[in-house]
$ cat upload37.txt   # compact mmCIF, C-alpha atoms
# COMPACT_ATOMS: atom_id res chain seq x y z
CA MET A 27 16.19 69.09 -6.27
CA LEU A 28 12.66 67.99 -7.07
CA LEU A 29 11.85 64.82 -5.14
CA ASN A 30 8.85 62.56 -5.59
CA ASP A 31 6.96 61.05 -2.65
CA GLU A 32 9.11 57.90 -2.50
CA GLU A 33 12.35 59.89 -2.58
CA THR A 34 11.05 62.26 0.09
CA ALA A 35 10.16 59.31 2.30
CA MET A 36 13.65 57.86 1.90
CA LEU A 37 15.28 61.21 2.66
CA ASN A 38 13.14 61.67 5.78
CA GLY A 39 14.08 58.25 7.14
CA GLU A 40 10.68 56.67 6.69
CA CYS A 41 12.27 53.73 4.81
CA GLY A 42 15.07 53.10 7.29
CA ARG A 43 18.48 54.50 8.09
CA VAL A 44 20.31 52.82 5.22
CA LEU A 45 18.11 54.34 2.52
CA GLN A 46 18.14 57.66 4.33
CA GLN A 47 21.95 57.74 4.28
CA ALA A 48 21.97 56.76 0.62
CA MET A 49 19.46 59.45 -0.34
CA GLN A 50 21.24 62.10 1.73
CA HIS A 51 24.45 61.34 -0.13
CA GLN A 52 22.76 61.41 -3.52
CA ALA A 53 20.91 64.64 -2.77
CA ALA A 54 24.20 66.29 -1.82
CA VAL A 55 25.82 65.10 -5.07
CA GLY A 56 22.81 66.28 -7.05
CA ASP A 57 22.88 69.72 -5.41
CA PHE A 58 26.59 70.06 -6.14
CA PHE A 59 26.13 69.31 -9.85
CA GLY A 60 22.90 71.27 -10.20
CA ALA A 61 20.71 68.25 -10.93
CA ARG A 62 17.04 69.11 -11.20
CA ASP A 63 15.80 65.68 -10.09
CA PHE A 64 16.65 61.98 -10.04
CA VAL A 65 16.64 59.53 -12.94
CA PRO A 66 15.77 55.83 -12.41
CA VAL A 67 18.70 53.50 -13.11
CA THR A 68 18.62 49.81 -13.94
CA GLN A 69 22.16 48.74 -12.96
CA ALA A 70 24.95 49.88 -10.65
CA HIS A 71 28.66 49.05 -10.68
CA VAL A 72 30.64 49.78 -7.51
CA MET A 73 34.34 50.58 -7.30
CA ALA A 74 35.48 49.68 -3.79
CA ASP A 75 38.92 48.08 -3.75
CA THR A 76 40.27 47.98 -0.22
CA GLU A 77 43.51 49.77 -1.13
CA SER A 78 41.36 52.84 -1.79
CA LEU A 79 38.84 52.17 0.98
CA GLY A 80 41.37 51.57 3.73
CA GLN A 81 40.28 50.64 7.23
CA ALA A 82 37.90 53.60 7.49
CA GLY A 83 36.12 52.76 4.25
CA VAL A 84 35.70 49.11 5.16
CA LEU A 85 34.35 50.08 8.59
CA TRP A 86 31.80 52.34 6.87
CA LEU A 87 30.77 49.50 4.56
CA GLU A 88 30.40 47.16 7.51
CA SER A 89 28.29 49.63 9.47
CA LEU A 90 26.02 50.12 6.46
CA SER A 91 25.63 46.39 5.91
CA GLU A 92 24.85 45.78 9.58
CA ALA A 93 22.23 48.52 9.55
CA CYS A 94 20.50 47.01 6.51
CA ASP A 95 19.60 43.98 8.67
CA GLY A 96 18.95 41.86 5.58
CA ARG A 97 16.04 44.10 4.55
CA HIS A 98 17.31 47.26 2.92
CA THR A 99 19.59 45.63 0.36
CA VAL A 100 20.18 46.79 -3.21
CA CYS A 101 17.02 47.00 -5.29
CA ILE A 102 18.62 46.79 -8.76
CA PRO A 103 21.40 44.55 -10.11
CA THR A 104 24.55 45.89 -8.44
CA ILE A 105 27.98 44.48 -9.20
CA THR A 106 31.58 45.07 -8.18
CA ASP A 107 34.76 46.27 -9.85
CA PRO A 108 37.93 44.15 -9.46
CA ARG A 109 39.04 43.24 -5.97
CA GLY A 110 42.47 43.78 -4.48
CA THR A 111 43.61 40.19 -4.84
CA ASP A 112 43.18 36.76 -6.32
CA PHE A 113 43.05 34.79 -3.08
CA SER A 114 44.45 31.66 -4.75
CA LYS A 115 47.59 33.55 -5.88
CA ALA A 116 48.04 36.09 -3.07
CA ASN A 117 51.19 34.48 -1.65
CA ASP A 118 52.80 34.47 -5.10
CA LEU A 119 52.13 38.19 -5.36
CA GLY A 120 53.79 39.00 -2.03
CA GLN A 121 50.53 40.27 -0.55
CA ARG A 122 50.29 40.26 3.23
CA ASP A 123 47.68 38.77 5.54
CA TRP A 124 46.23 42.12 6.61
CA MET A 125 45.46 42.98 2.98
CA LEU A 126 43.56 39.72 2.51
CA GLU A 127 41.65 40.15 5.76
CA LEU A 128 40.55 43.63 4.71
CA GLU A 129 39.36 42.17 1.40
CA ARG A 130 37.36 39.44 3.16
CA ARG A 131 35.67 41.98 5.41
CA ALA A 132 34.71 44.17 2.44
CA ILE A 133 33.36 41.17 0.53
CA ASN A 134 31.25 40.05 3.50
CA ALA A 135 29.78 43.54 3.83
CA PHE A 136 28.92 43.73 0.12
CA VAL A 137 27.25 40.32 0.24
CA ARG A 138 25.09 41.39 3.20
CA LEU A 139 24.03 44.41 1.14
CA GLY A 140 22.94 42.14 -1.72
CA VAL A 141 25.74 43.16 -4.09
CA SER A 142 26.85 40.57 -6.65
CA MET A 143 30.60 39.99 -6.41
CA THR A 144 31.39 39.99 -10.12
CA ASP A 145 34.81 41.61 -9.50
CA THR A 146 35.19 42.85 -13.05
CA CYS A 147 35.97 45.97 -15.04
CA ILE A 148 34.75 44.36 -18.28
CA ASN A 149 31.13 43.71 -17.31
CA TYR A 150 30.12 45.03 -20.75
CA GLN A 151 31.91 41.99 -22.24
CA THR A 152 30.90 39.41 -19.64
CA VAL A 153 27.94 40.17 -17.36
CA LEU A 154 25.21 42.41 -18.75
CA ALA A 155 26.02 45.07 -21.30
CA ALA A 156 24.00 48.26 -20.88
CA THR A 157 21.95 49.17 -23.94
CA ARG A 158 21.41 52.39 -25.85
CA GLY A 159 19.56 54.94 -23.77
CA GLU A 160 19.70 52.81 -20.60
CA HIS A 161 20.42 54.94 -17.51
CA VAL A 162 22.94 53.25 -15.22
CA ALA A 163 25.22 54.16 -12.31
CA PHE A 164 28.69 52.83 -13.15
CA GLY A 165 31.95 53.57 -11.39
CA ASP A 166 35.02 52.26 -13.20
CA THR A 167 36.18 54.81 -15.77
CA GLY A 168 36.78 52.18 -18.45
CA VAL A 169 33.32 50.75 -17.84
CA VAL A 170 31.69 54.16 -18.05
CA ILE A 171 33.38 55.33 -21.26
CA TYR A 172 32.70 52.01 -23.02
CA SER A 173 29.08 51.88 -21.85
CA ASN A 174 28.44 55.51 -22.78
CA SER A 175 30.24 55.46 -26.11
CA VAL A 176 30.08 51.95 -27.55
CA ASN A 177 26.79 50.82 -25.99
CA GLY A 178 25.08 54.23 -26.01
CA ALA A 179 24.05 53.89 -22.37
CA ARG A 180 24.05 56.84 -19.95
CA SER A 181 26.23 57.16 -16.86
CA ASN A 182 28.55 59.55 -15.11
CA PHE A 183 31.67 58.47 -13.26
CA GLU A 184 30.06 57.34 -10.00
CA GLY A 185 32.27 57.21 -6.91
CA GLY A 186 31.95 54.10 -4.73
CA PRO A 187 29.43 55.57 -2.24
CA SER A 188 27.41 57.09 -5.09
CA ALA A 189 27.20 53.83 -7.06
CA LEU A 190 26.27 51.87 -3.94
CA SER A 191 23.64 54.47 -3.08
CA ALA A 192 22.22 54.11 -6.58
CA GLY A 193 22.03 50.36 -6.07
CA LEU A 194 20.11 50.89 -2.83
CA THR A 195 17.70 53.57 -4.07
CA GLY A 196 17.40 52.63 -7.75
CA ARG A 197 18.15 56.16 -8.97
CA THR A 198 20.91 58.71 -9.42
CA PRO A 199 20.99 62.51 -9.81
CA ARG A 200 20.07 63.60 -13.34
CA TYR A 201 23.10 65.59 -14.51
CA GLY A 202 26.05 65.24 -16.86
CA TYR A 203 25.79 62.40 -19.35
CA HIS A 204 22.25 61.51 -18.40
CA LEU A 205 21.23 64.69 -20.27
CA ASP A 206 20.92 64.93 -24.06
CA GLU A 207 22.62 68.31 -24.27
CA ASN A 208 25.83 67.03 -22.66
CA ARG A 209 26.21 64.16 -25.14
CA GLN A 210 26.94 66.33 -28.18
CA ALA A 211 30.51 66.52 -29.48
CA THR A 212 32.68 69.37 -28.21
CA MET A 213 36.03 68.55 -29.91
CA ARG A 214 36.71 67.09 -33.35
CA PHE A 215 39.68 64.85 -34.12
CA ARG A 216 40.84 63.46 -37.46
CA VAL A 217 42.81 60.19 -37.36
CA ASP A 218 45.08 59.69 -40.38
CA ASP A 219 46.38 56.22 -39.46
CA THR A 220 44.08 53.54 -38.04
CA PRO A 221 45.76 51.57 -35.22
CA GLN A 222 46.11 47.80 -35.45
CA THR A 223 47.33 46.36 -32.14
CA LEU A 224 45.77 46.85 -28.72
CA ASN A 225 48.67 48.95 -27.45
CA GLU A 226 48.32 51.23 -30.49
CA TRP A 227 44.61 51.67 -29.85
CA GLY A 228 45.41 52.48 -26.24
CA ALA A 229 48.06 54.96 -27.30
CA LEU A 230 45.59 56.69 -29.64
CA GLY A 231 43.12 56.94 -26.76
CA GLY A 232 45.87 58.39 -24.59
CA VAL A 233 46.78 61.01 -27.21
CA ILE A 234 43.16 62.13 -27.57
CA GLY A 235 42.63 62.04 -23.81
CA ARG A 236 45.61 64.32 -23.21
CA LEU A 237 44.48 66.77 -25.89
CA ALA A 238 40.92 66.88 -24.54
CA GLY A 239 41.87 66.73 -20.87
CA ASN A 240 38.50 67.54 -19.37
CA TYR A 241 35.63 65.41 -18.09
CA TRP A 242 33.09 67.61 -19.87
CA GLN A 243 34.78 67.35 -23.27
CA VAL A 244 33.21 64.91 -25.75
CA PRO A 245 35.64 64.01 -28.55
CA VAL A 246 34.28 63.01 -31.94
CA ILE A 247 36.72 60.94 -34.00
CA GLU A 248 36.66 60.60 -37.78
CA GLY A 249 38.96 58.80 -40.17
CA ILE A 250 38.87 55.30 -38.64
CA GLU A 251 38.92 53.01 -41.67
CA ALA A 252 37.47 49.78 -40.26
CA ALA A 253 35.24 48.89 -37.34
CA PRO A 254 37.40 48.23 -34.27
CA THR A 255 36.87 45.07 -32.22
CA SER A 256 35.43 45.16 -28.72
CA ASP A 257 38.92 44.67 -27.25
CA GLN A 258 40.37 47.48 -29.35
CA LEU A 259 37.61 49.85 -28.25
CA LYS A 260 38.11 48.66 -24.67
CA HIS A 261 41.78 49.69 -24.67
CA PHE A 262 41.05 52.88 -26.60
CA GLY A 263 38.36 54.09 -24.19
CA ALA A 264 40.15 53.01 -21.01
CA ALA A 265 43.24 54.96 -22.02
CA MET A 266 41.24 58.04 -23.03
CA ALA A 267 39.50 58.02 -19.66
CA SER A 268 42.80 57.54 -17.84
CA PHE A 269 44.77 60.22 -19.68
CA GLY A 270 41.96 62.77 -19.97
CA SER A 271 39.08 61.87 -17.61
CA ILE A 272 36.87 61.49 -20.69
CA ALA A 273 33.55 59.71 -20.12
CA LEU A 274 32.09 59.76 -23.64
CA PHE A 275 33.42 59.77 -27.19
CA HIS A 276 31.83 59.37 -30.60
CA MET A 277 33.41 57.54 -33.53
CA ILE A 278 31.77 58.38 -36.84
CA GLY A 279 29.98 55.45 -38.44
CA ILE A 280 30.86 53.15 -35.54
CA THR A 281 29.42 54.25 -32.21
CA PRO A 282 25.60 54.22 -32.04
CA GLU A 283 24.90 57.92 -31.54
CA ALA A 284 27.14 59.03 -34.41
CA PRO A 285 26.18 57.44 -37.73
CA ARG A 286 27.12 60.79 -39.29
CA LEU A 287 29.19 63.72 -38.08
CA ALA A 288 26.12 65.97 -38.00
CA ASP A 289 24.26 63.61 -35.64
CA VAL A 290 26.47 64.69 -32.74
CA GLY A 291 27.10 68.26 -33.86
CA GLY A 292 30.59 67.50 -35.13
CA ASP A 293 29.98 69.18 -38.49
CA ALA A 294 29.87 72.55 -36.72
CA LEU A 295 33.29 72.03 -35.12
CA PRO A 296 36.70 72.72 -36.65
CA VAL A 297 39.19 69.86 -36.64
CA HIS A 298 41.00 70.36 -33.36
CA HIS A 299 43.86 68.04 -34.17
CA ARG A 300 44.98 65.60 -36.86
CA ILE A 301 46.53 62.49 -35.35
CA GLY A 302 48.93 60.32 -37.29
CA ARG A 303 51.23 57.39 -36.57
CA SER A 304 53.94 59.72 -35.28
CA HIS A 305 51.70 60.82 -32.40
CA ILE A 306 50.91 57.23 -31.43
CA GLU A 307 54.59 56.24 -31.60
CA ALA A 308 55.62 59.31 -29.61
CA LEU A 309 53.36 58.42 -26.71
CA ALA A 310 54.77 54.89 -26.54
CA ALA A 311 58.34 56.16 -26.93
CA SER A 312 57.91 58.50 -23.98
CA TYR A 313 57.75 55.42 -21.74
CA ALA A 314 60.60 53.46 -23.41
CA VAL A 315 63.31 54.57 -21.00
CA THR A 316 65.07 51.24 -20.37
CA ARG A 317 65.38 47.73 -21.82
CA LYS A 318 65.55 45.62 -18.67
CA VAL A 319 62.17 44.24 -17.56
CA ASP A 320 61.36 42.88 -14.09
CA VAL A 321 57.73 41.89 -14.70
CA VAL A 322 55.24 41.75 -17.55
CA VAL A 323 51.60 42.54 -16.77
CA PHE A 324 48.46 42.26 -18.88
CA SER A 325 45.77 44.08 -16.90
CA ALA A 326 43.70 47.28 -16.80
CA PRO A 327 41.37 46.37 -18.43
CA GLN A 328 40.98 42.69 -17.56
CA LEU A 329 41.57 40.37 -20.50
CA SER A 330 38.77 38.96 -22.61
CA LEU A 331 38.69 35.31 -23.64
CA PHE A 332 40.04 36.24 -27.06
CA GLU A 333 42.93 38.21 -25.58
CA LEU A 334 43.82 35.15 -23.49
CA ARG A 335 43.64 32.98 -26.59
CA ALA A 336 46.02 35.31 -28.44
CA LEU A 337 48.34 35.36 -25.43
CA ALA A 338 48.33 31.55 -25.16
CA GLU A 339 49.30 31.24 -28.83
CA ILE A 340 52.30 33.55 -28.34
CA CYS A 341 53.32 31.72 -25.15
CA ASP A 342 53.52 28.30 -26.80
CA GLY A 343 57.08 26.96 -26.72
CA ARG A 344 58.36 29.75 -24.45
CA ARG A 345 60.00 29.68 -21.04
CA PHE A 346 59.90 32.94 -19.12
CA LYS A 347 62.84 34.50 -17.29
CA VAL A 348 60.71 37.11 -15.54
CA PRO A 349 57.15 36.86 -14.16
CA LEU A 350 54.26 37.33 -16.58
CA LEU A 351 50.86 38.11 -15.06
CA ALA A 352 47.64 37.94 -17.09
CA VAL A 353 44.60 39.31 -15.27
CA THR A 354 41.08 38.37 -16.29
CA SER A 355 37.58 38.37 -14.84
CA PRO A 356 35.98 35.57 -12.79
CA GLN A 357 33.51 35.10 -15.64
CA VAL A 358 36.23 34.54 -18.27
CA ALA A 359 38.66 32.51 -16.13
CA PRO A 360 36.69 29.21 -16.20
CA ASP A 361 36.42 29.30 -20.00
CA SER A 362 40.12 30.07 -20.28
CA GLU A 363 40.82 26.97 -18.21
CA ARG A 364 38.29 24.88 -20.16
CA PHE A 365 39.81 25.84 -23.52
CA GLY A 366 43.35 25.23 -22.31
CA TYR A 367 44.53 28.84 -22.58
CA THR A 368 45.44 29.08 -18.89
CA ARG A 369 47.46 25.86 -19.02
CA ARG A 370 49.42 27.05 -22.06
CA ILE A 371 50.23 30.42 -20.46
CA GLU A 372 51.26 28.82 -17.18
CA GLN A 373 53.35 26.12 -18.89
CA ALA A 374 55.53 28.96 -20.15
CA GLY A 375 55.88 30.25 -16.59
CA GLY A 376 53.13 32.84 -16.63
CA SER A 377 50.30 33.23 -14.13
CA VAL A 378 46.62 33.81 -14.91
CA LEU A 379 44.86 35.80 -12.17
CA ALA A 380 41.12 36.36 -11.81
CA GLY A 381 38.92 38.99 -10.20
CA MET A 382 41.59 41.59 -9.46
CA CYS A 383 43.26 44.55 -11.14
CA PHE A 384 47.01 45.01 -10.89
CA TYR A 385 47.07 48.65 -9.85
CA GLN A 386 44.23 48.17 -7.34
CA SER A 387 46.06 45.29 -5.64
CA TYR A 388 48.68 47.08 -3.52
CA ALA A 389 50.97 47.45 -6.53
CA ARG A 390 53.61 49.40 -4.60
CA GLU A 391 53.75 46.80 -1.83
CA MET A 392 53.95 44.01 -4.42
CA ALA A 393 56.89 45.77 -6.07
CA GLU A 394 58.71 46.07 -2.76
CA ALA A 395 58.03 42.44 -1.85
CA LYS A 396 59.03 41.05 -5.23
CA GLY A 397 61.80 43.46 -6.19
CA TRP A 398 59.94 44.74 -9.27
CA LYS A 399 60.84 48.12 -10.72
CA THR A 400 60.54 48.04 -14.52
CA LEU A 401 57.29 46.74 -16.01
CA ALA A 402 56.18 46.02 -19.58
CA THR A 403 52.52 46.00 -20.62
CA ASN A 404 50.31 46.48 -23.67
CA SER A 405 47.87 48.63 -21.66
CA ALA A 406 48.23 52.39 -22.16
CA LYS A 407 45.98 52.91 -19.15
CA LEU A 408 48.34 50.90 -16.97
CA VAL A 409 51.49 52.77 -18.01
CA ASN A 410 49.73 56.05 -17.26
CA ILE A 411 48.95 54.92 -13.71
CA LEU A 412 51.91 52.85 -12.55
CA GLY A 413 54.47 55.64 -12.40
CA GLY A 414 52.61 56.82 -9.32
CA TYR A 415 53.19 53.42 -7.71
CA GLY A 416 56.96 53.54 -8.08
CA TYR A 417 57.28 51.56 -11.31
CA THR A 418 59.02 52.43 -14.55
CA PRO A 419 56.34 51.24 -17.01
CA MET A 420 56.84 50.62 -20.73
CA LEU A 421 54.19 50.26 -23.45
CA ALA A 422 54.57 47.58 -26.11
CA SER A 423 52.59 45.07 -28.13
CA MET A 424 51.45 41.77 -26.62
CA GLU A 425 54.09 39.89 -28.62
CA GLU A 426 56.84 42.31 -27.60
CA CYS A 427 55.82 41.91 -23.95
CA VAL A 428 55.94 38.11 -24.19
CA ASN A 429 59.39 38.39 -25.80
CA ALA A 430 60.45 40.58 -22.86
CA ALA A 431 59.22 37.96 -20.40
CA THR A 432 61.29 35.38 -22.31
CA THR A 433 64.54 37.36 -22.51
CA GLY A 434 64.23 39.80 -19.60
CA GLU A 435 64.55 42.75 -21.98
CA LEU A 436 62.19 44.81 -24.10
CA ALA A 437 63.63 45.06 -27.60
$ encode --input "upload37.txt" --output "structure tokens"
Amino acid sequence: MLLNDEETAMLNGECGRVLQQAMQHQAAVGDFFGARDFVPVTQAHVMADTESLGQAGVLWLESLSEACDGRHTVCIPTITDPRGTDFSKANDLGQRDWMLELERRAINAFVRLGVSMTDTCINYQTVLAATRGEHVAFGDTGVVIYSNSVNGARSNFEGGPSALSAGLTGRTPRYGYHLDENRQATMRFRVDDTPQTLNEWGALGGVIGRLAGNYWQVPVIEGIEAAPTSDQLKHFGAAMASFGSIALFHMIGITPEAPRLADVGGDALPVHHRIGRSHIEALAASYAVTRKVDVVVFSAPQLSLFELRALAEICDGRRFKVPLLAVTSPQVAPDSERFGYTRRIEQAGGSVLAGMCFYQSYAREMAEAKGWKTLATNSAKLVNILGGYGYTPMLASMEECVNAATTGELA
């Protein structure tokens, strides 16, 4: 890789051990992907939940934070993905003391490194949305695909150490979706039935993700009849990334780089697949294996204020038989309380959690502690993940999920 004088100094240790470690890591990543040099980035978003980090990862974080000595902290705005708990509700979730202690240690290390503990996977809705052409170093797959596609920013999927290194050095290897040539469409999809509900948008994203199935594929989607909302695009992209590792899509006339099919090279591609309502329904039906529901979860991605408002309206007058968990960001949670949405959800017997993500919060251990097996959600991303944690997940609309919490069964 071609390094400038500042990067060479960091790599040689002239700027301290912390920046040297960061640059060594980034140079290795850049060499692996064939990057020619580094690109300056303006923001970083770090995935580092302690379930993934484990003891070894937290020890590494602590050693890095101690070595920074309050001097070599992050040099650009650097934020965090959801944590592994909501400390105020941890006992209700069946989480154990050692999990919480690991979380506290990780948080303390991040703070010493100058990282802002935003604890969110919807920073594009709440903190600071990246803008078109802005080079960033984001980690969460839902964050990356939304920022790349809807905002027109530029990021690869950055692993935790890579995103933190970018925060420390202010740059990342120039490869992948930082390059113009990798942002052109590679697969063309025609949608014959525009989804309406969030679960349908997620299912459509899952269908396209499965068909594409490759990080380097860039789907271009035509046939969407009306501009989707931010929440609809959030569920659509998060599911596509989960089912297919996709980091960028174009939607003709909607996403900023694709006013016309020809702008992203889609006019030169044959239609790879036509997707109708039957495909969306088939994906959902593949998870509808039982009626009994042990828990209802709205998470992955965290809920926006408007999702919480819609949920509160459906919860009015209900009394739940099974637990209902609604997970939002620390930025949205105070407004939800101020507007009365949290009170209305919790009056029905639900619980509003902040700053965590269900599947990053020791989901298997929670299931064992609480006796949960079957789970209903409106998140296609979540159903795709939770089978690996021992759950039987089912995909349904928000209203159907609330009905399931009320009756204990998914109709």
$ residues_around --input "upload37.txt" --residues "Glu33 of chain A" --least-positions-apart "3" --cutoff "9 Å" --atoms "only C-alpha atoms" --output "PDB file with C-alpha atoms, in the coordinates of the input"
ATOM      1  CA  LEU A  29      11.850  64.820  -5.140  1.00  0.00           C
ATOM      2  CA  ASN A  30       8.850  62.560  -5.590  1.00  0.00           C
ATOM      3  CA  MET A  36      13.650  57.860   1.900  1.00  0.00           C
ATOM      4  CA  LEU A  37      15.280  61.210   2.660  1.00  0.00           C
ATOM      5  CA  ASN A  38      13.140  61.670   5.780  1.00  0.00           C
ATOM      6  CA  MET A  49      19.460  59.450  -0.340  1.00  0.00           C
ATOM      7  CA  PHE A  64      16.650  61.980 -10.040  1.00  0.00           C
ATOM      8  CA  THR A 195      17.700  53.570  -4.070  1.00  0.00           C
TER       9      THR A 195
END
$ residues_around --input "upload37.txt" --residues "Gln328 of chain A" --least-positions-apart "6" --cutoff "12 Å" --atoms "only C-alpha atoms" --output "ChimeraX atom specification"
/A:107-109,145-152,168-169,257,260-261,264,334,351-359,378-385,404-405,407-408
$ write_last_selection --input "upload37.txt" --atoms "C-alpha atoms" --output "mmCIF file, in the frame of the given file"
data_model
loop_
_atom_site.group_PDB
_atom_site.id
_atom_site.type_symbol
_atom_site.label_atom_id
_atom_site.label_comp_id
_atom_site.auth_asym_id
_atom_site.auth_seq_id
_atom_site.Cartn_x
_atom_site.Cartn_y
_atom_site.Cartn_z
ATOM 1 C CA ASP A 107 34.760 46.270 -9.850
ATOM 2 C CA PRO A 108 37.930 44.150 -9.460
ATOM 3 C CA ARG A 109 39.040 43.240 -5.970
ATOM 4 C CA ASP A 145 34.810 41.610 -9.500
ATOM 5 C CA THR A 146 35.190 42.850 -13.050
ATOM 6 C CA CYS A 147 35.970 45.970 -15.040
ATOM 7 C CA ILE A 148 34.750 44.360 -18.280
ATOM 8 C CA ASN A 149 31.130 43.710 -17.310
ATOM 9 C CA TYR A 150 30.120 45.030 -20.750
ATOM 10 C CA GLN A 151 31.910 41.990 -22.240
ATOM 11 C CA THR A 152 30.900 39.410 -19.640
ATOM 12 C CA GLY A 168 36.780 52.180 -18.450
ATOM 13 C CA VAL A 169 33.320 50.750 -17.840
ATOM 14 C CA ASP A 257 38.920 44.670 -27.250
ATOM 15 C CA LYS A 260 38.110 48.660 -24.670
ATOM 16 C CA HIS A 261 41.780 49.690 -24.670
ATOM 17 C CA ALA A 264 40.150 53.010 -21.010
ATOM 18 C CA LEU A 334 43.820 35.150 -23.490
ATOM 19 C CA LEU A 351 50.860 38.110 -15.060
ATOM 20 C CA ALA A 352 47.640 37.940 -17.090
ATOM 21 C CA VAL A 353 44.600 39.310 -15.270
ATOM 22 C CA THR A 354 41.080 38.370 -16.290
ATOM 23 C CA SER A 355 37.580 38.370 -14.840
ATOM 24 C CA PRO A 356 35.980 35.570 -12.790
ATOM 25 C CA GLN A 357 33.510 35.100 -15.640
ATOM 26 C CA VAL A 358 36.230 34.540 -18.270
ATOM 27 C CA ALA A 359 38.660 32.510 -16.130
ATOM 28 C CA VAL A 378 46.620 33.810 -14.910
ATOM 29 C CA LEU A 379 44.860 35.800 -12.170
ATOM 30 C CA ALA A 380 41.120 36.360 -11.810
ATOM 31 C CA GLY A 381 38.920 38.990 -10.200
ATOM 32 C CA MET A 382 41.590 41.590 -9.460
ATOM 33 C CA CYS A 383 43.260 44.550 -11.140
ATOM 34 C CA PHE A 384 47.010 45.010 -10.890
ATOM 35 C CA TYR A 385 47.070 48.650 -9.850
ATOM 36 C CA ASN A 404 50.310 46.480 -23.670
ATOM 37 C CA SER A 405 47.870 48.630 -21.660
ATOM 38 C CA LYS A 407 45.980 52.910 -19.150
ATOM 39 C CA LEU A 408 48.340 50.900 -16.970
#
$ residues_around --input "upload37.txt" --residues "Gly292 of chain A" --least-positions-apart "2" --cutoff "12 Å" --atoms "all atoms listed in the file" --output "number ranges by chain"
A: 209-216, 244-248, 275-278, 283-290, 294-298
$ atom_distance --input "upload37.txt" --atom1 "atom CA of Gln47 of chain A" --atom2 "atom CA of Asp166 of chain A"
22.5 Å
$ closest_residue --input "upload37.txt" --among "A:Ala311, A:Ala326, A:Ala406, A:Val319" --to "Val428 of chain A" --atoms "all atoms listed in the file"
A:Val319
$ closest_residue --input "upload37.txt" --among "A:Arg390, A:Arg200, A:Arg300, A:Arg122" --to "Gln52 of chain A" --atoms "only C-alpha atoms"
A:Arg200
$ atom_distance --input "upload37.txt" --atom1 "atom CA of Glu40 of chain A" --atom2 "atom CA of Gly186 of chain A"
24.3 Å
$ residues_near_point --input "upload37.txt" --point "(35.8, 57.0, -12.7)" --cutoff "8 Å" --atoms "only C-alpha atoms" --output "compact mmCIF listing (two decimals) with C-alpha atoms, keeping the file's coordinate frame"
# COMPACT_ATOMS: atom_id res chain seq x y z
CA GLY A 165 31.95 53.57 -11.39
CA ASP A 166 35.02 52.26 -13.20
CA THR A 167 36.18 54.81 -15.77
CA GLY A 168 36.78 52.18 -18.45
CA VAL A 170 31.69 54.16 -18.05
CA PHE A 183 31.67 58.47 -13.26
CA GLU A 184 30.06 57.34 -10.00
CA GLY A 185 32.27 57.21 -6.91
CA ALA A 267 39.50 58.02 -19.66
CA SER A 271 39.08 61.87 -17.61
$ residues_around --input "upload37.txt" --residues "Ala229 of chain A" --least-positions-apart "5" --cutoff "10 Å" --atoms "all atoms listed in the file" --output "short mmCIF file (atom, residue, chain, number, x, y, z; two decimals) with C-alpha atoms, in the coordinates of the input"
data_model
loop_
_atom_site.label_atom_id
_atom_site.label_comp_id
_atom_site.auth_asym_id
_atom_site.auth_seq_id
_atom_site.Cartn_x
_atom_site.Cartn_y
_atom_site.Cartn_z
CA PRO A 221 45.76 51.57 -35.22
CA THR A 223 47.33 46.36 -32.14
CA LEU A 224 45.77 46.85 -28.72
CA ILE A 234 43.16 62.13 -27.57
CA GLY A 235 42.63 62.04 -23.81
CA HIS A 261 41.78 49.69 -24.67
CA PHE A 262 41.05 52.88 -26.60
CA ALA A 265 43.24 54.96 -22.02
CA MET A 266 41.24 58.04 -23.03
CA PHE A 269 44.77 60.22 -19.68
CA HIS A 305 51.70 60.82 -32.40
CA ILE A 306 50.91 57.23 -31.43
CA GLU A 307 54.59 56.24 -31.60
CA ALA A 308 55.62 59.31 -29.61
CA LEU A 309 53.36 58.42 -26.71
CA ALA A 310 54.77 54.89 -26.54
CA ASN A 404 50.31 46.48 -23.67
CA SER A 405 47.87 48.63 -21.66
CA ALA A 406 48.23 52.39 -22.16
CA LYS A 407 45.98 52.91 -19.15
CA LEU A 421 54.19 50.26 -23.45
CA ALA A 422 54.57 47.58 -26.11
#
$ closest_residue --input "upload37.txt" --among "A:Ala238, A:Ala430, A:Leu119, A:Cys94" --to "Glu391 of chain A" --atoms "all atoms listed in the file"
A:Leu119
$ closest_residue --input "upload37.txt" --among "A:Leu87, A:Val322, A:Ala389, A:Val233" --to "Phe346 of chain A" --atoms "all atoms listed in the file"
A:Val322
$ atom_distance --input "upload37.txt" --atom1 "atom CA of Glu207 of chain A" --atom2 "atom CA of Ala53 of chain A"
21.9 Å
$ closest_residue --input "upload37.txt" --among "A:Gly375, A:Pro360, A:Gly60, A:Gly42" --to "Leu28 of chain A" --atoms "all atoms listed in the file"
A:Gly60
$ closest_residue --input "upload37.txt" --among "A:Ala74, A:Met392, A:Ala437, A:Leu401" --to "Asp118 of chain A" --atoms "all atoms listed in the file"
A:Met392
$ residues_around --input "upload37.txt" --residues "Ser377 of chain A" --least-positions-apart "5" --cutoff "8 Å" --atoms "only C-alpha atoms" --output "number ranges by chain"
A: 349-352, 368, 371-372
$ write_last_selection --input "upload37.txt" --atoms "C-alpha atoms" --output "PDB file, in the frame of the given file"
ATOM      1  CA  PRO A 349      57.150  36.860 -14.160  1.00  0.00           C
ATOM      2  CA  LEU A 350      54.260  37.330 -16.580  1.00  0.00           C
ATOM      3  CA  LEU A 351      50.860  38.110 -15.060  1.00  0.00           C
ATOM      4  CA  ALA A 352      47.640  37.940 -17.090  1.00  0.00           C
ATOM      5  CA  THR A 368      45.440  29.080 -18.890  1.00  0.00           C
ATOM      6  CA  ILE A 371      50.230  30.420 -20.460  1.00  0.00           C
ATOM      7  CA  GLU A 372      51.260  28.820 -17.180  1.00  0.00           C
TER       8      GLU A 372
END
